[in-house]
Amino acid sequence: MKDLYEPYVTDDGRTIGGCLMEMKNITLKFGGVVAIKDISFDIREGEIRAIIGPNGAGKSSMLNVISGFYTPSEGEVWYKGSVRPMMKPYEVARQGVGRTFQNIALFEGMSVLDNVMTGRLTHMKASLWEQAIWWGKAEREEVHNREQVEKIIDFLEIQAIRKTPVGRLPYGLKKRVELARALAAEPSLLLLDEPMAGMNVEEKEDMSRFILDVNDEFGTTIALIEHDMGVVMDLSDRVVVMDYGKKIGDGTPDEVRGNQDVIDAYLGVPHA
Amino acid sequence: MELLNKIFIAPFVDMVAAPDFLMQVLWEGLVSGVLYSLIALGFVLIFRSSRIFNFAQGIMVVFAALTLVGLHEMGVPAWISVALTLAVMFGLAVSIERIVLRPLVGQPDIILFMATIGITLFLIGFGEIIFGGENKQMITSELGIPTGDFVLEPFGGLLILQHIDITAVLVAAALVVSLLLFLNKTRMGRAIRALGDDHQAALSVGISLQTIWVLVWFIAGIIALVTGIAWGSRAGVSFALEVIAYKALPVLMLGGLESITGAIIGGLMIGMLEKMFEIYWGAPLLGGNTESWFAYVLALVVLLFRPQGLFGEKIIERV
């Protein structure tokens, strides 16, 4: 096990920094149902961290805790070296935690460009008055924001559909637009909830490439949930494995692959 | 034959014979239409940002106008009353968000709709306790709104344009233009449109539900005040004003609940058509007073053929 706070360089030459986020003894209950039971793990700066597990293991719940959509019943979330107080989801977003959703949450009535522009909302500081007369800060901001957005649109290869209303796009492209919107906010931590669900092989390959490129190019820390084991093992630096709300494994893909509990969970050994 | 003549021929002969009178009718219709559009706009704004059908928009018009007149009666100068009324509308927006909407987030639409009926009833009672139920005069001249009229003579006839009406149309137009610019060009506007599409997604990009809701209810309040001043100048300020707010319902059916352009065009159409119908068909054939129901019948007919409204998007369901 590598030292938590000592940066190291991976085999493919990326630098993994210190601890960006740490979940400490997180428990999440809905009434009598325990969705997450006393789970601790950390996410290091610059890495791709996967959370895997069978259906109903509590992966999405965990992602919702990280992004502030759920408040944990017990435990602490540490972010950038301090405990995060109770926060609303939009406040967490403003702190630099971006996310996508399992069932795609886009602004269907707006164009791709407008959707991605909403990702920049937290970067706009000009006053209403300045925006109204389109002068000074407002103009500089809008130009700068447009440049950033165009860069991301370019990066994710969605130039051709910039002006198309999102509602008309096929599923695979919607997923990509959602990623673009999350990226536009320049998040410190990007959460992807099943980025490849429902995709065909080709689309999965594209998406995997984008995730790796994002991590490589922008140095964005990524935490993702994914069902496709092959994809997860190829993409991620470290993997957390959950089953029935508990953590049953944590480590590099190779370590996790050899873990007997993980093998049991996936092959379906009856629980004692 | 006589009846067919009265329906299909005589009205049009009248229109051609007296074009100045036709223009007068259309102008009067346009002015009411502008006010219908304004009310409908208030509905559309709130619906787009929160999927709430705000039944209270009509009573907000009355409440804003009553507050303005009531404050002035207490001896507050006219323009300061306007500023104070705006402050009251802002307070109203904050309280509605805090007390009514926030606890109901995530409830079915019908619950929120019922809540706005609750707000309506509350405002009626509250308004009557504070300002009394009797009819009041709008403080038109105190606000510096001109009260004379222009007399034009097109085609050698006579066309009278009240200054009040011209002011109302101009102010409404300015309000609509600034609202459109606000929605399409500013950060807040983008956030409002985004929130209407998907709450979760909006939260994930850092948009605060509460701030935006207060903002749209406040804008609806401003619209209500402008409508209240304009309509109050013509008809006086009383709770009967609320009835004109129901005219916004057929406007919304014509224009669709989500389209700002639809609300404007729908409002103008209904205003002008109901006036023409009243003068050329209603009064001679049906004994008049058709303005009270014409808009609803028109909306019904439109719904039969285009259930999504004239400008709404066609709903195609996959089976």
# chains A, B, ... in the order shown; residues from 1 in each chain; ligands from 1
call {"tool": "select_by_dssp", "arguments": {"residues": "segment 31-158 of chain B", "states": "strand (DSSP E or B)", "output": "list of chain:residue names"}}
result
B:Lys136, B:Asp149, B:Phe150, B:Val151, B:Leu152
call {"tool": "interface_residues", "arguments": {"of": "chain B", "to": "chain A", "cutoff": "6 Å", "atoms": "only C-alpha atoms", "output": "mmCIF file with N, CA, C and O atoms, in the first residue's frame"}}
result
data_model
loop_
_atom_site.group_PDB
_atom_site.id
_atom_site.type_symbol
_atom_site.label_atom_id
_atom_site.label_comp_id
_atom_site.auth_asym_id
_atom_site.auth_seq_id
_atom_site.Cartn_x
_atom_site.Cartn_y
_atom_site.Cartn_z
ATOM 1 N N ALA B 194 -32.475 26.763 -17.542
ATOM 2 C CA ALA B 194 -31.927 25.450 -17.209
ATOM 3 C C ALA B 194 -32.759 24.766 -16.127
ATOM 4 O O ALA B 194 -33.110 23.596 -16.237
ATOM 5 N N ASP B 197 -35.802 22.964 -17.138
ATOM 6 C CA ASP B 197 -35.621 21.710 -17.858
ATOM 7 C C ASP B 197 -35.326 20.538 -16.945
ATOM 8 O O ASP B 197 -35.841 19.453 -17.136
ATOM 9 N N ASP B 198 -34.465 20.713 -15.961
ATOM 10 C CA ASP B 198 -34.063 19.585 -15.133
ATOM 11 C C ASP B 198 -33.463 20.067 -13.812
ATOM 12 O O ASP B 198 -32.392 20.659 -13.786
ATOM 13 N N ALA B 201 -29.983 18.304 -12.763
ATOM 14 C CA ALA B 201 -28.871 18.771 -13.575
ATOM 15 C C ALA B 201 -28.498 20.192 -13.182
ATOM 16 O O ALA B 201 -27.328 20.539 -13.095
ATOM 17 N N LEU B 203 -28.842 21.618 -10.272
ATOM 18 C CA LEU B 203 -28.100 21.581 -9.010
ATOM 19 C C LEU B 203 -26.650 21.177 -9.249
ATOM 20 O O LEU B 203 -25.728 21.714 -8.644
ATOM 21 N N SER B 204 -26.453 20.236 -10.173
ATOM 22 C CA SER B 204 -25.110 19.706 -10.379
ATOM 23 C C SER B 204 -24.174 20.711 -11.030
ATOM 24 O O SER B 204 -22.969 20.537 -11.011
ATOM 25 N N VAL B 205 -24.724 21.773 -11.653
ATOM 26 C CA VAL B 205 -23.827 22.794 -12.184
ATOM 27 C C VAL B 205 -23.811 24.025 -11.279
ATOM 28 O O VAL B 205 -23.331 25.077 -11.663
ATOM 29 N N GLY B 206 -24.355 23.877 -10.074
ATOM 30 C CA GLY B 206 -24.206 24.951 -9.093
ATOM 31 C C GLY B 206 -25.302 25.992 -9.102
ATOM 32 O O GLY B 206 -25.104 27.101 -8.637
ATOM 33 N N ILE B 207 -26.480 25.647 -9.656
ATOM 34 C CA ILE B 207 -27.585 26.606 -9.639
ATOM 35 C C ILE B 207 -28.402 26.400 -8.366
ATOM 36 O O ILE B 207 -28.780 25.278 -8.050
ATOM 37 N N SER B 208 -28.670 27.489 -7.643
ATOM 38 C CA SER B 208 -29.456 27.367 -6.430
ATOM 39 C C SER B 208 -30.944 27.491 -6.746
ATOM 40 O O SER B 208 -31.410 28.505 -7.241
#
call {"tool": "closest_residue", "arguments": {"among": "A:Ile51, A:Glu139, A:Asp154, A:Asn215", "to": "Val232 of chain A", "atoms": "only C-alpha atoms"}}
result
A:Ile51
call {"tool": "residues_around", "arguments": {"residues": "segment 116-128 of chain B", "least_positions_apart": "2", "cutoff": "7 Å", "atoms": "only C-alpha atoms", "output": "list in words"}}
result
Asn54, Phe55, Ala56, Ile59, Phe63, Leu112, Phe113, Met114, Ile130, Phe131, Gly132 and Gly133 of chain B
call {"tool": "select_by_dssp", "arguments": {"residues": "segment 81-127 of chain A", "states": "helix (DSSP H, G or I)", "output": "PyMOL selection string"}}
result
chain A and resi 89-94+112-118+121-123
call {"tool": "residues_around", "arguments": {"residues": "Arg44 of chain A", "least_positions_apart": "4", "cutoff": "9 Å", "atoms": "only C-alpha atoms", "output": "count of residues only"}}
result
12
call {"tool": "residues_around", "arguments": {"residues": "Thr67 of chain B", "least_positions_apart": "3", "cutoff": "10 Å", "atoms": "only C-alpha atoms", "output": "ChimeraX atom specification"}}
result
/B:62-64,70-73,81-82,84-86,88-89,127,130-131,225
call {"tool": "write_last_selection", "arguments": {"atoms": "N, CA, C and O atoms", "output": "mmCIF file, in the first residue's frame"}}
result
data_model
loop_
_atom_site.group_PDB
_atom_site.id
_atom_site.type_symbol
_atom_site.label_atom_id
_atom_site.label_comp_id
_atom_site.auth_asym_id
_atom_site.auth_seq_id
_atom_site.Cartn_x
_atom_site.Cartn_y
_atom_site.Cartn_z
ATOM 1 N N VAL B 62 -53.931 42.179 -8.380
ATOM 2 C CA VAL B 62 -54.783 42.953 -7.485
ATOM 3 C C VAL B 62 -54.002 43.397 -6.251
ATOM 4 O O VAL B 62 -54.063 44.558 -5.834
ATOM 5 N N PHE B 63 -53.269 42.467 -5.680
ATOM 6 C CA PHE B 63 -52.547 42.742 -4.446
ATOM 7 C C PHE B 63 -51.515 43.861 -4.652
ATOM 8 O O PHE B 63 -51.386 44.772 -3.834
ATOM 9 N N ALA B 64 -50.791 43.792 -5.787
ATOM 10 C CA ALA B 64 -49.788 44.822 -6.079
ATOM 11 C C ALA B 64 -50.467 46.185 -6.226
ATOM 12 O O ALA B 64 -50.020 47.185 -5.645
ATOM 13 N N GLY B 70 -53.027 51.769 -1.595
ATOM 14 C CA GLY B 70 -53.166 51.834 -0.141
ATOM 15 C C GLY B 70 -52.052 52.648 0.491
ATOM 16 O O GLY B 70 -52.289 53.498 1.349
ATOM 17 N N LEU B 71 -50.826 52.423 0.051
ATOM 18 C CA LEU B 71 -49.691 53.174 0.591
ATOM 19 C C LEU B 71 -49.851 54.665 0.309
ATOM 20 O O LEU B 71 -49.595 55.511 1.161
ATOM 21 N N HIS B 72 -50.306 54.964 -0.907
ATOM 22 C CA HIS B 72 -50.465 56.368 -1.260
ATOM 23 C C HIS B 72 -51.542 57.025 -0.397
ATOM 24 O O HIS B 72 -51.397 58.176 0.021
ATOM 25 N N GLU B 73 -52.603 56.274 -0.130
ATOM 26 C CA GLU B 73 -53.678 56.803 0.732
ATOM 27 C C GLU B 73 -53.171 57.118 2.133
ATOM 28 O O GLU B 73 -53.678 58.004 2.804
ATOM 29 N N SER B 81 -44.200 55.111 -3.051
ATOM 30 C CA SER B 81 -45.141 53.988 -2.933
ATOM 31 C C SER B 81 -44.788 52.881 -3.927
ATOM 32 O O SER B 81 -44.855 51.694 -3.607
ATOM 33 N N VAL B 82 -44.402 53.282 -5.137
ATOM 34 C CA VAL B 82 -44.031 52.275 -6.145
ATOM 35 C C VAL B 82 -42.841 51.472 -5.643
ATOM 36 O O VAL B 82 -42.845 50.233 -5.663
ATOM 37 N N LEU B 84 -41.851 51.080 -2.563
ATOM 38 C CA LEU B 84 -42.250 50.251 -1.430
ATOM 39 C C LEU B 84 -43.045 49.036 -1.885
ATOM 40 O O LEU B 84 -42.882 47.933 -1.365
ATOM 41 N N THR B 85 -43.915 49.241 -2.882
ATOM 42 C CA THR B 85 -44.704 48.122 -3.392
ATOM 43 C C THR B 85 -43.787 47.047 -3.975
ATOM 44 O O THR B 85 -43.996 45.847 -3.759
ATOM 45 N N LEU B 86 -42.751 47.492 -4.693
ATOM 46 C CA LEU B 86 -41.789 46.522 -5.226
ATOM 47 C C LEU B 86 -41.137 45.753 -4.079
ATOM 48 O O LEU B 86 -40.953 44.539 -4.165
ATOM 49 N N VAL B 88 -42.478 45.157 -1.205
ATOM 50 C CA VAL B 88 -43.487 44.220 -0.694
ATOM 51 C C VAL B 88 -43.567 42.984 -1.592
ATOM 52 O O VAL B 88 -43.615 41.852 -1.114
ATOM 53 N N MET B 89 -43.540 43.191 -2.925
ATOM 54 C CA MET B 89 -43.615 42.052 -3.843
ATOM 55 C C MET B 89 -42.395 41.144 -3.674
ATOM 56 O O MET B 89 -42.481 39.937 -3.807
ATOM 57 N N GLY B 127 -55.373 40.928 1.847
ATOM 58 C CA GLY B 127 -55.575 42.219 1.186
ATOM 59 C C GLY B 127 -56.798 42.937 1.728
ATOM 60 O O GLY B 127 -56.777 44.147 1.974
ATOM 61 N N ILE B 130 -56.230 44.409 5.288
ATOM 62 C CA ILE B 130 -55.363 45.578 5.362
ATOM 63 C C ILE B 130 -55.918 46.773 4.578
ATOM 64 O O ILE B 130 -55.908 47.903 5.055
ATOM 65 N N PHE B 131 -56.405 46.526 3.358
ATOM 66 C CA PHE B 131 -56.789 47.650 2.515
ATOM 67 C C PHE B 131 -58.303 47.803 2.357
ATOM 68 O O PHE B 131 -58.774 48.734 1.722
ATOM 69 N N LEU B 225 -47.428 44.195 -10.874
ATOM 70 C CA LEU B 225 -47.584 45.612 -10.524
ATOM 71 C C LEU B 225 -47.855 46.455 -11.774
ATOM 72 O O LEU B 225 -48.780 47.291 -11.787
#
call {"tool": "residues_around", "arguments": {"residues": "Met233 of chain A", "least_positions_apart": "5", "cutoff": "9 Å", "atoms": "only C-alpha atoms", "output": "PyMOL selection string"}}
result
chain A and resi 50+228+238-239+252-254+257
call {"tool": "write_last_selection", "arguments": {"atoms": "N, CA and C atoms", "output": "PDB file, in the first residue's frame"}}
result
ATOM      1  N   ALA A  50     -12.306   3.994  -9.357  1.00  0.00           N
ATOM      2  CA  ALA A  50     -13.574   3.371  -9.716  1.00  0.00           C
ATOM      3  C   ALA A  50     -14.268   2.820  -8.478  1.00  0.00           C
ATOM      4  N   ASP A 228     -19.198  -2.492 -16.481  1.00  0.00           N
ATOM      5  CA  ASP A 228     -18.372  -3.275 -17.389  1.00  0.00           C
ATOM      6  C   ASP A 228     -16.989  -3.489 -16.774  1.00  0.00           C
ATOM      7  N   ARG A 238      -7.155   2.872  -9.152  1.00  0.00           N
ATOM      8  CA  ARG A 238      -7.535   2.100  -7.975  1.00  0.00           C
ATOM      9  C   ARG A 238      -9.043   1.861  -7.975  1.00  0.00           C
ATOM     10  N   VAL A 239      -9.446   0.787  -7.348  1.00  0.00           N
ATOM     11  CA  VAL A 239     -10.847   0.371  -7.377  1.00  0.00           C
ATOM     12  C   VAL A 239     -11.359   0.108  -5.958  1.00  0.00           C
ATOM     13  N   THR A 252      -5.433  -1.655  -6.268  1.00  0.00           N
ATOM     14  CA  THR A 252      -5.233  -1.572  -7.720  1.00  0.00           C
ATOM     15  C   THR A 252      -6.078  -2.654  -8.379  1.00  0.00           C
ATOM     16  N   PRO A 253      -6.348  -2.510  -9.676  1.00  0.00           N
ATOM     17  CA  PRO A 253      -7.162  -3.521 -10.363  1.00  0.00           C
ATOM     18  C   PRO A 253      -6.657  -4.939 -10.146  1.00  0.00           C
ATOM     19  N   ASP A 254      -5.343  -5.124 -10.171  1.00  0.00           N
ATOM     20  CA  ASP A 254      -4.802  -6.468 -10.004  1.00  0.00           C
ATOM     21  C   ASP A 254      -5.075  -7.008  -8.596  1.00  0.00           C
ATOM     22  N   ARG A 257      -8.719  -7.903  -8.335  1.00  0.00           N
ATOM     23  CA  ARG A 257      -9.071  -9.079  -9.118  1.00  0.00           C
ATOM     24  C   ARG A 257      -8.750 -10.373  -8.355  1.00  0.00           C
TER      25      ARG A 257
END
call {"tool": "closest_atom_pairs", "arguments": {"of": "segment 225-286 of chain B", "to": "segment 150-168 of chain B", "cutoff": "9 Å", "atoms": "only C-alpha atoms", "output": "tab-separated table"}}
result
residue	atom	partner	partner_atom	distance
B:Val226	CA	B:Ala168	CA	8.4
B:Thr227	CA	B:Ala168	CA	8.5
B:Ile229	CA	B:Ala168	CA	8.7
B:Ala230	CA	B:Ala168	CA	5.7
B:Trp231	CA	B:Ala168	CA	8.7
B:Ser233	CA	B:Ile164	CA	7.6
B:Arg234	CA	B:Ile164	CA	8.2
call {"tool": "write_last_selection", "arguments": {"atoms": "N, CA and C atoms", "output": "PDB file, in the first residue's frame"}}
result
ATOM      1  N   VAL B 226     -47.081  46.212 -12.833  1.00  0.00           N
ATOM      2  CA  VAL B 226     -47.280  46.971 -14.071  1.00  0.00           C
ATOM      3  C   VAL B 226     -48.687  46.726 -14.614  1.00  0.00           C
ATOM      4  N   THR B 227     -49.093  45.444 -14.638  1.00  0.00           N
ATOM      5  CA  THR B 227     -50.439  45.132 -15.104  1.00  0.00           C
ATOM      6  C   THR B 227     -51.485  45.815 -14.239  1.00  0.00           C
ATOM      7  N   ILE B 229     -51.245  48.565 -12.442  1.00  0.00           N
ATOM      8  CA  ILE B 229     -51.324  50.004 -12.676  1.00  0.00           C
ATOM      9  C   ILE B 229     -52.097  50.277 -13.972  1.00  0.00           C
ATOM     10  N   ALA B 230     -51.727  49.539 -15.032  1.00  0.00           N
ATOM     11  CA  ALA B 230     -52.349  49.784 -16.330  1.00  0.00           C
ATOM     12  C   ALA B 230     -53.845  49.482 -16.291  1.00  0.00           C
ATOM     13  N   TRP B 231     -54.210  48.313 -15.735  1.00  0.00           N
ATOM     14  CA  TRP B 231     -55.619  47.934 -15.740  1.00  0.00           C
ATOM     15  C   TRP B 231     -56.412  48.758 -14.730  1.00  0.00           C
ATOM     16  N   SER B 233     -55.896  51.788 -13.948  1.00  0.00           N
ATOM     17  CA  SER B 233     -56.187  53.116 -14.475  1.00  0.00           C
ATOM     18  C   SER B 233     -57.460  53.118 -15.302  1.00  0.00           C
ATOM     19  N   ARG B 234     -57.773  52.010 -15.935  1.00  0.00           N
ATOM     20  CA  ARG B 234     -58.962  51.959 -16.781  1.00  0.00           C
ATOM     21  C   ARG B 234     -60.190  51.563 -15.977  1.00  0.00           C
TER      22      ARG B 234
END
call {"tool": "residues_around", "arguments": {"residues": "Glu291 of chain B", "least_positions_apart": "3", "cutoff": "8 Å", "atoms": "only C-alpha atoms", "output": "list in words"}}
result
Glu274, Lys275, Glu278, Phe294 and Ala295 of chain B
call {"tool": "atom_distance", "arguments": {"atom1": "atom CA of Lys246 of chain A", "atom2": "atom CA of Lys37 of chain A"}}
result
5.3 Å
call {"tool": "atom_distance", "arguments": {"atom1": "atom CA of Val237 of chain B", "atom2": "atom CA of Ile46 of chain B"}}
result
24.5 Å
call {"tool": "atom_distance", "arguments": {"atom1": "atom CA of Leu215 of chain B", "atom2": "atom CA of Phe47 of chain B"}}
result
13.2 Å
